[in-house]
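Trainee: This is the structure I want to talk about, given as structure tokens.
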There are 4 protein chains.
Amino acid sequence: MRPQQDRQPARGRPRSQESEKAILDATMELLSEIGFRAMTVEAIAARAGASKSTIYRRWPAKENLVIAAFAQTPLLVVRGRGDTVAQLVEVQAQFARFMQETTLGGVLAALVAERAHSPALGVAMDPLVHQRRQPMAEILTRAVERGELPADIDLEFAIDMISAPVLQRIMVMGLPTDRRYIRQTVETAFRGLGGRVAPAARTGTRRAQARHEERMR
Amino acid sequence: MRPQQDRQPARGRPRSQESEKAILDATMELLSEIGFRAMTVEAIAARAGASKSTIYRRWPAKENLVIAAFAQTPLLVVRGRGDTVAQLVEVQAQFARFMQETTLGGVLAALVAERAHSPALGVAMDPLVHQRRQPMAEILTRAVERGELPADIDLEFAIDMISAPVLQRIMVMGLPTDRRYIRQTVETAFRGLGGRVAPAARTGTRRAQARHEERMR
Amino acid sequence: MRPQQDRQPARGRPRSQESEKAILDATMELLSEIGFRAMTVEAIAARAGASKSTIYRRWPAKENLVIAAFAQTPLLVVRGRGDTVAQLVEVQAQFARFMQETTLGGVLAALVAERAHSPALGVAMDPLVHQRRQPMAEILTRAVERGELPADIDLEFAIDMISAPVLQRIMVMGLPTDRRYIRQTVETAFRGLGGRVAPAARTGTRRAQARHEERMR
Amino acid sequence: MRPQQDRQPARGRPRSQESEKAILDATMELLSEIGFRAMTVEAIAARAGASKSTIYRRWPAKENLVIAAFAQTPLLVVRGRGDTVAQLVEVQAQFARFMQETTLGGVLAALVAERAHSPALGVAMDPLVHQRRQPMAEILTRAVERGELPADIDLEFAIDMISAPVLQRIMVMGLPTDRRYIRQTVETAFRGLGGRVAPAARTGTRRAQARHEERMR
DNA sequence: CAGTAATCGAGACGGTACGTCCCGTCTTTAT
DNA sequence: ATAAAGACGGGACGTACCGTCTCGATTACTG
């Protein structure tokens, strides 16, 4: 994943960065328009104004090309504003918007499906997966420091709990997912993980739980 | 999903039920061995000892064949034993075992990916998705009746919260998933949803939360 | 080279004879129009209204396809009329006309060039080569029987001497070749081989033929 | 055919003569080893230790490169020794040896095939063709002067008759060709052309003809 | 002796055709 | 009417070369 070895001064004609960008852009466009399986390398080359050999010189297969296209999408940005739940909702909402606006939910599913029978693909995808989880890890770490979450919490597990419902709804169920749903999942997971939800963030579900707890006493 | 039944007395040679079974079995085997994309209809026909036309006469395309193969897998069984969390854990564990033993996690991902660009496939898959969620709905309904969960809970949302982490871990992350992880997710989600966890089911995370709550007071 | 084994009653859909003919015809047309190297299998398929797989199912490579196309050209016909030289001229002229009208001289050269590095191609071409020489062998045999040529003549060598100049001029030199040139080569070779050229036929087969027709009345 | 000479004193780095020789040598080697069509410019460059641009700077296409490689082969040498037939046999044998030792028969065929659809190539090849025929023209001219051949003989036609059988056997038929065969063809053609064969040169065929002529009387 | 200019190697570029593979359909004989 | 067999038109695959085009590094002559 390192950019290059910065070794020998690069002999021969250097690879065209314009071509590379055009190819990755065309890939993202076609991915959105017609999906992973229907997308052909020939169509990518045609749209990018490049040749097939230029594509295959860089990426050994369609999967790797798609991963590279994904990798150049903007990272999720963590804004330190708001309480922990609000920050988590923000990150999840960014992700949800990206997946739904570009119909890339299905692409991720396709990559995931391929990975089941191609270990190399798994290795190539790992950095992307962790990149997406990193912002949440930071938010949760700060929450632990502020005493909003148990000190001995398992971060990876916590991220699973918070992110899984949104990912499942978008990618597996293919259903539209709005901010209200995201807030609900984050709050429920946060509470289940032992988090202290700020009173101002209370929502319908929150109130329902409060009523329920009252009855329990 | 059933083929044409209750029709007129069937003219000509009747369709061979042996062939149909052999085709579906071969499909499941090949799905497990080489995955959805690498699997060809010709390979299925060869392994099943059938001809391609026999396959295409029954299912219009590869996706539908795979759905049919999935549809004949055993349903999840709900055993009324144990408390609510134990029952949910049992159902999830059954599902996890099935997905991991047969490497069908990737197949589900492939179907999901295809559905993104094929509405017809979505329609065909819906019954399967709901079938899998039905046992959990029953368990949760009983839990509400016993007062273990808020009366106004959104059942579909609750199922999302409980099932998503396991599905994500198996299908999206491709990681092995044991009963301990399943128990942890179910407990955390159950608690987040306002559920009353039976004392005997306490685990590490549960205790950590207890300690945390103590400190919070 | 045998037509078929006439074995098992041919299961499955039989190969289309129309396709086969269309492919061979398209091959001959393209061969004449643009030559062997410039001719692509895709162009043949397009013109024949067939698919590439239909072509590759029958012939493993372009060379074999071209040989097959050649093989369906009409055989040289020996007419027993006239004296030996006139018959030889007639056969050579038929061949020359065929090679020049269809510009297949270059194709034969291409096949010959390929054969140098492909023994299989040599084997495939052999029958064609001998087919072309057979009529001349018959004419020469009759000439020997009539005492017009030495009894112990080497037939293959004689054919070489008679046919080589015309073949060289058309194929190697690429020059137009008329009946006068053909007559000259045949007479010269025939004389060199010890043939007795009928005195009356010297200035032209034309007069010999006139005499022959007189006798016919 | 000479490159630009007598021009201005040449600015910039001069072309490398070592590269040029290495390229032509590599071309001849590969032609012999794998033939014209299988030979790639990249393979020539690799073997010659040159780059493709160095090749294309000198020759516009593969065909021209091959012609250049041919052009540097040694010319046929005429030795004035022996009678006319012996001299002709010597020249033909030199040519046959060269074609057979280096398997360049096939290369010549490939060039000939290309020329059929590329007039420019024909022009480029012409000097080579005439070079090969020139020694025979000289021998025949001397034979005419000595009265061994008719004074009104057509030189080009005579060369066709003498050289065609050997060329056909080597290049078209791809058969090994020994000195005996060459002598036979030259004698037969020479006799057919009205030549007076020296008594010492008599061979089997010659004697057969003698016997035949005897019977004719 | 510092430019200047053409050549060198390397290798990426847009193309084009290759021969293979599989799709989903069609056509045959046998049951 | 359905079965197995297998040919069909179609179209994408990934590879291999084509002949062209940058690159930085040489290697002469020129001023």
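Naming scheme: A, B, ... for chains in displayed order of the structure tokens; residues 1 onward per chain; ligands 1 onward as shown.
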Taking 4 positions as the minimum chain separation for residues in the same chain, which residues sit within 6 Å of range 176-190 of chain C when counting only C-alpha atoms (C1' of nucleotides)? Answer as JSON, numbers by chain.

Mentor: {"C": [89, 161, 162, 195], "D": [192, 193]}

Trainee: Once chain D is superposed on chain C with a least-squares fit on all C-alpha pairs taken in order, can you show it as a short mmCIF file (atom, residue, chain, number, x, y, z; two decimals) with C-alpha atoms, in the first residue's frame?

Mentor:
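Result went into result22.cif, see below:
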data_model
loop_
_atom_site.label_atom_id
_atom_site.label_comp_id
_atom_site.auth_asym_id
_atom_site.auth_seq_id
_atom_site.Cartn_x
_atom_site.Cartn_y
_atom_site.Cartn_z
CA MET D 1 -9.26 -35.65 -43.46
CA ARG D 2 -12.82 -36.61 -42.64
CA PRO D 3 -13.82 -35.51 -39.18
CA GLN D 4 -14.59 -38.08 -36.54
CA GLN D 5 -17.28 -40.28 -37.92
CA ASP D 6 -18.83 -43.53 -36.85
CA ARG D 7 -18.35 -42.48 -33.26
CA GLN D 8 -20.74 -42.81 -30.37
CA PRO D 9 -24.11 -41.13 -31.00
CA ALA D 10 -22.82 -37.62 -30.09
CA ARG D 11 -23.94 -36.08 -26.83
CA GLY D 12 -24.80 -32.45 -26.38
CA ARG D 13 -25.78 -29.93 -28.97
CA PRO D 14 -24.48 -30.86 -32.41
CA ARG D 15 -22.23 -28.50 -34.31
CA SER D 16 -24.04 -26.21 -36.68
CA GLN D 17 -23.41 -27.02 -40.33
CA GLU D 18 -24.78 -23.65 -41.36
CA SER D 19 -22.16 -21.91 -39.24
CA GLU D 20 -19.43 -24.05 -40.72
CA LYS D 21 -20.45 -23.24 -44.28
CA ALA D 22 -20.86 -19.55 -43.50
CA ILE D 23 -17.38 -19.47 -41.97
CA LEU D 24 -15.73 -21.17 -44.94
CA ASP D 25 -17.59 -18.92 -47.37
CA ALA D 26 -16.62 -15.81 -45.45
CA THR D 27 -13.03 -17.03 -45.42
CA MET D 28 -12.94 -17.43 -49.19
CA GLU D 29 -14.54 -14.02 -49.71
CA LEU D 30 -12.10 -12.24 -47.44
CA LEU D 31 -9.15 -14.10 -48.90
CA SER D 32 -10.08 -12.80 -52.32
CA GLU D 33 -10.81 -9.30 -51.13
CA ILE D 34 -7.95 -8.47 -48.83
CA GLY D 35 -5.56 -11.42 -48.84
CA PHE D 36 -4.26 -13.83 -46.29
CA ARG D 37 -2.27 -11.61 -43.99
CA ALA D 38 -4.77 -8.77 -43.83
CA MET D 39 -7.58 -11.17 -43.10
CA THR D 40 -8.38 -11.48 -39.40
CA VAL D 41 -10.28 -14.22 -37.68
CA GLU D 42 -12.46 -11.57 -36.10
CA ALA D 43 -13.49 -10.29 -39.52
CA ILE D 44 -14.34 -13.83 -40.63
CA ALA D 45 -16.47 -14.34 -37.52
CA ALA D 46 -18.26 -11.03 -38.03
CA ARG D 47 -19.05 -11.73 -41.68
CA ALA D 48 -20.13 -15.30 -40.99
CA GLY D 49 -22.29 -14.20 -38.06
CA ALA D 50 -20.38 -16.66 -35.92
CA SER D 51 -18.20 -16.26 -32.86
CA LYS D 52 -14.47 -16.73 -32.68
CA SER D 53 -14.83 -19.75 -30.41
CA THR D 54 -16.96 -21.49 -33.02
CA ILE D 55 -14.09 -21.06 -35.45
CA TYR D 56 -11.31 -22.10 -33.10
CA ARG D 57 -13.33 -25.12 -31.97
CA ARG D 58 -13.05 -26.46 -35.51
CA TRP D 59 -9.66 -25.28 -36.73
CA PRO D 60 -6.63 -24.69 -34.54
CA ALA D 61 -5.33 -21.72 -36.50
CA LYS D 62 -5.92 -19.42 -39.41
CA GLU D 63 -3.81 -21.51 -41.78
CA ASN D 64 -5.89 -24.62 -41.19
CA LEU D 65 -9.06 -22.69 -41.74
CA VAL D 66 -7.76 -21.47 -45.07
CA ILE D 67 -6.81 -24.98 -46.09
CA ALA D 68 -10.30 -26.17 -45.23
CA ALA D 69 -11.77 -23.36 -47.29
CA PHE D 70 -9.55 -24.36 -50.21
CA ALA D 71 -10.47 -27.99 -49.83
CA GLN D 72 -14.12 -27.30 -50.54
CA THR D 73 -13.37 -25.73 -53.92
CA PRO D 74 -14.39 -27.87 -56.91
CA LEU D 75 -11.91 -30.45 -58.14
CA LEU D 76 -10.47 -30.20 -61.59
CA VAL D 77 -12.50 -32.32 -64.00
CA VAL D 78 -10.87 -34.38 -66.72
CA ARG D 79 -12.81 -34.69 -69.89
CA GLY D 80 -11.58 -37.56 -72.06
CA ARG D 81 -12.28 -35.53 -75.19
CA GLY D 82 -9.61 -34.40 -77.59
CA ASP D 83 -6.00 -35.41 -77.89
CA THR D 84 -3.58 -35.48 -74.99
CA VAL D 85 -2.40 -31.91 -75.38
CA ALA D 86 -5.97 -30.63 -75.58
CA GLN D 87 -6.84 -32.48 -72.40
CA LEU D 88 -3.83 -31.11 -70.57
CA VAL D 89 -4.63 -27.61 -71.78
CA GLU D 90 -8.18 -28.03 -70.54
CA VAL D 91 -7.08 -29.02 -67.03
CA GLN D 92 -4.53 -26.21 -66.83
CA ALA D 93 -7.08 -23.70 -68.10
CA GLN D 94 -9.58 -24.79 -65.47
CA PHE D 95 -6.96 -24.28 -62.80
CA ALA D 96 -5.86 -20.92 -64.24
CA ARG D 97 -9.44 -19.66 -64.42
CA PHE D 98 -10.10 -20.62 -60.83
CA MET D 99 -6.91 -18.97 -59.56
CA GLN D 100 -7.43 -15.78 -61.49
CA GLU D 101 -11.16 -15.29 -61.03
CA THR D 102 -10.89 -15.57 -57.29
CA THR D 103 -7.43 -14.05 -56.84
CA LEU D 104 -6.48 -17.16 -54.93
CA GLY D 105 -3.04 -17.22 -56.49
CA GLY D 106 -1.85 -15.06 -53.63
CA VAL D 107 -3.52 -17.27 -51.06
CA LEU D 108 -1.69 -20.32 -52.32
CA ALA D 109 1.54 -18.36 -52.11
CA ALA D 110 0.78 -17.41 -48.52
CA LEU D 111 0.12 -21.00 -47.56
CA VAL D 112 3.29 -22.07 -49.29
CA ALA D 113 5.21 -19.39 -47.41
CA GLU D 114 3.81 -20.50 -44.07
CA ARG D 115 4.56 -24.10 -44.76
CA ALA D 116 8.27 -23.33 -45.01
CA HIS D 117 8.34 -22.92 -41.24
CA SER D 118 5.45 -25.12 -40.21
CA PRO D 119 5.76 -28.82 -41.04
CA ALA D 120 2.25 -29.50 -39.79
CA LEU D 121 0.90 -27.17 -42.41
CA GLY D 122 2.85 -29.03 -45.06
CA VAL D 123 1.18 -32.25 -44.05
CA ALA D 124 -2.22 -30.63 -44.16
CA MET D 125 -1.58 -29.19 -47.60
CA ASP D 126 -0.23 -32.32 -49.24
CA PRO D 127 -3.59 -33.87 -50.15
CA LEU D 128 -4.62 -30.66 -51.85
CA VAL D 129 -1.47 -30.53 -53.91
CA HIS D 130 -1.80 -34.13 -55.02
CA GLN D 131 -5.47 -33.71 -55.80
CA ARG D 132 -4.58 -31.01 -58.27
CA ARG D 133 -1.92 -33.15 -59.90
CA GLN D 134 -4.00 -36.34 -60.09
CA PRO D 135 -6.02 -35.45 -63.23
CA MET D 136 -2.81 -34.73 -65.11
CA ALA D 137 -1.34 -38.04 -64.00
CA GLU D 138 -4.35 -39.81 -65.47
CA ILE D 139 -4.09 -38.02 -68.77
CA LEU D 140 -0.39 -38.75 -69.03
CA THR D 141 -0.88 -42.40 -68.12
CA ARG D 142 -3.36 -42.78 -70.98
CA ALA D 143 -0.93 -40.99 -73.31
CA VAL D 144 1.80 -43.48 -72.39
CA GLU D 145 -0.62 -46.35 -73.04
CA ARG D 146 -1.40 -44.91 -76.48
CA GLY D 147 2.32 -44.63 -77.19
CA GLU D 148 2.24 -40.83 -77.35
CA LEU D 149 4.86 -40.59 -74.63
CA PRO D 150 7.94 -42.69 -73.81
CA ALA D 151 7.08 -45.71 -71.67
CA ASP D 152 9.79 -44.97 -69.09
CA ILE D 153 8.70 -41.40 -68.46
CA ASP D 154 8.81 -40.07 -64.87
CA LEU D 155 5.19 -39.00 -64.28
CA GLU D 156 5.92 -36.54 -61.47
CA PHE D 157 8.64 -34.89 -63.48
CA ALA D 158 6.36 -34.65 -66.49
CA ILE D 159 3.66 -32.98 -64.40
CA ASP D 160 6.25 -30.53 -63.08
CA MET D 161 7.27 -29.61 -66.64
CA ILE D 162 3.71 -29.17 -67.83
CA SER D 163 2.22 -27.31 -64.88
CA ALA D 164 5.10 -25.19 -63.58
CA PRO D 165 5.08 -22.40 -66.19
CA VAL D 166 1.39 -21.61 -65.68
CA LEU D 167 1.66 -21.76 -61.92
CA GLN D 168 4.74 -19.53 -61.99
CA ARG D 169 3.09 -16.98 -64.24
CA ILE D 170 -0.07 -16.73 -62.16
CA MET D 171 1.24 -17.13 -58.66
CA VAL D 172 4.81 -15.89 -58.74
CA MET D 173 4.68 -13.29 -61.49
CA GLY D 174 1.08 -12.31 -60.90
CA LEU D 175 0.45 -11.92 -64.62
CA PRO D 176 -2.78 -12.64 -66.48
CA THR D 177 -2.63 -15.96 -68.26
CA ASP D 178 -4.76 -16.83 -71.26
CA ARG D 179 -5.48 -20.07 -73.09
CA ARG D 180 -2.92 -19.28 -75.80
CA TYR D 181 -0.12 -19.11 -73.26
CA ILE D 182 -1.29 -22.32 -71.64
CA ARG D 183 -1.40 -24.13 -74.96
CA GLN D 184 2.10 -22.92 -75.76
CA THR D 185 3.52 -24.19 -72.49
CA VAL D 186 1.81 -27.55 -72.69
CA GLU D 187 2.94 -28.12 -76.28
CA THR D 188 6.50 -27.11 -75.56
CA ALA D 189 6.72 -29.31 -72.47
CA PHE D 190 5.00 -32.21 -74.22
CA ARG D 191 7.40 -32.01 -77.11
CA GLY D 192 10.38 -31.76 -74.78
CA LEU D 193 9.21 -34.87 -72.98
CA GLY D 194 9.32 -36.74 -76.25
CA GLY D 195 5.58 -36.49 -76.96
CA ARG D 196 4.06 -36.81 -80.35
CA VAL D 197 1.94 -33.69 -80.96
CA ALA D 198 -1.18 -34.13 -83.06
CA PRO D 199 -0.95 -32.11 -86.29
CA ALA D 200 -4.12 -30.11 -85.57
CA ALA D 201 -2.58 -28.61 -82.47
CA ARG D 202 0.16 -26.77 -84.32
CA THR D 203 0.74 -23.18 -83.29
CA GLY D 204 3.16 -20.41 -84.06
CA THR D 205 5.86 -21.79 -81.90
CA ARG D 206 5.34 -25.23 -83.40
CA ARG D 207 5.76 -23.87 -86.88
CA ALA D 208 8.79 -21.86 -85.86
CA GLN D 209 10.36 -25.04 -84.59
CA ALA D 210 9.52 -26.80 -87.83
CA ARG D 211 11.20 -24.08 -89.82
CA HIS D 212 14.15 -24.22 -87.51
CA GLU D 213 14.51 -27.95 -87.87
CA GLU D 214 14.39 -27.54 -91.58
CA ARG D 215 17.28 -25.14 -91.46
CA MET D 216 19.18 -27.56 -89.29
CA ARG D 217 19.19 -30.24 -91.89
#

Trainee: Write out as a list in words every residue belonging to chain F that has an atom at most 12 Å from any atom of chain A, counting only C-alpha atoms (C1' of nucleotides).

Mentor: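 Taken together, these residues fit the definition: DG11, DA12, DC13, DG14, DT15, DA16, DC17, DC21, DT22, DC23, DG24 and DA25 of chain F.
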
Trainee: Can you list, as a PyMOL selection string, every residue of range 35-153 of chain C that DSSP puts in alpha helix (DSSP H)?

Mentor: chain C and resi 41-48+52-58+62-71+84-101+105-115+119-145

Trainee: Should the cut-off be 10 Å, what would the residue list for chain E against chain B look like, counting only C-alpha atoms (C1' of nucleotides), as a list in words?

Mentor: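 Going by the stated atoms only, the list reads DC22, DC23, DG24, DT25, DC26 and DT31 of chain E.
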
Trainee: Would you compute the distance between C1' of DC8 in chain F and C1' of DG15 in chain E? Give it in Å to one decimal.

Mentor: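 Computing it gives 29.9 Å between the two atoms.
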
Trainee: Kindly give the distance, in Å, that separates C1' of DC18 in chain E and C1' of DG9 in chain F, rounded to a single decimal.

Mentor: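 Rounded to one decimal, the two atoms are 19.0 Å apart.
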
Trainee: Would you mind reading off the distance between C1' of DA2 in chain E and C1' of DC29 in chain F, one decimal, in Å?

Mentor: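 Computing it gives 12.4 Å between the two atoms.
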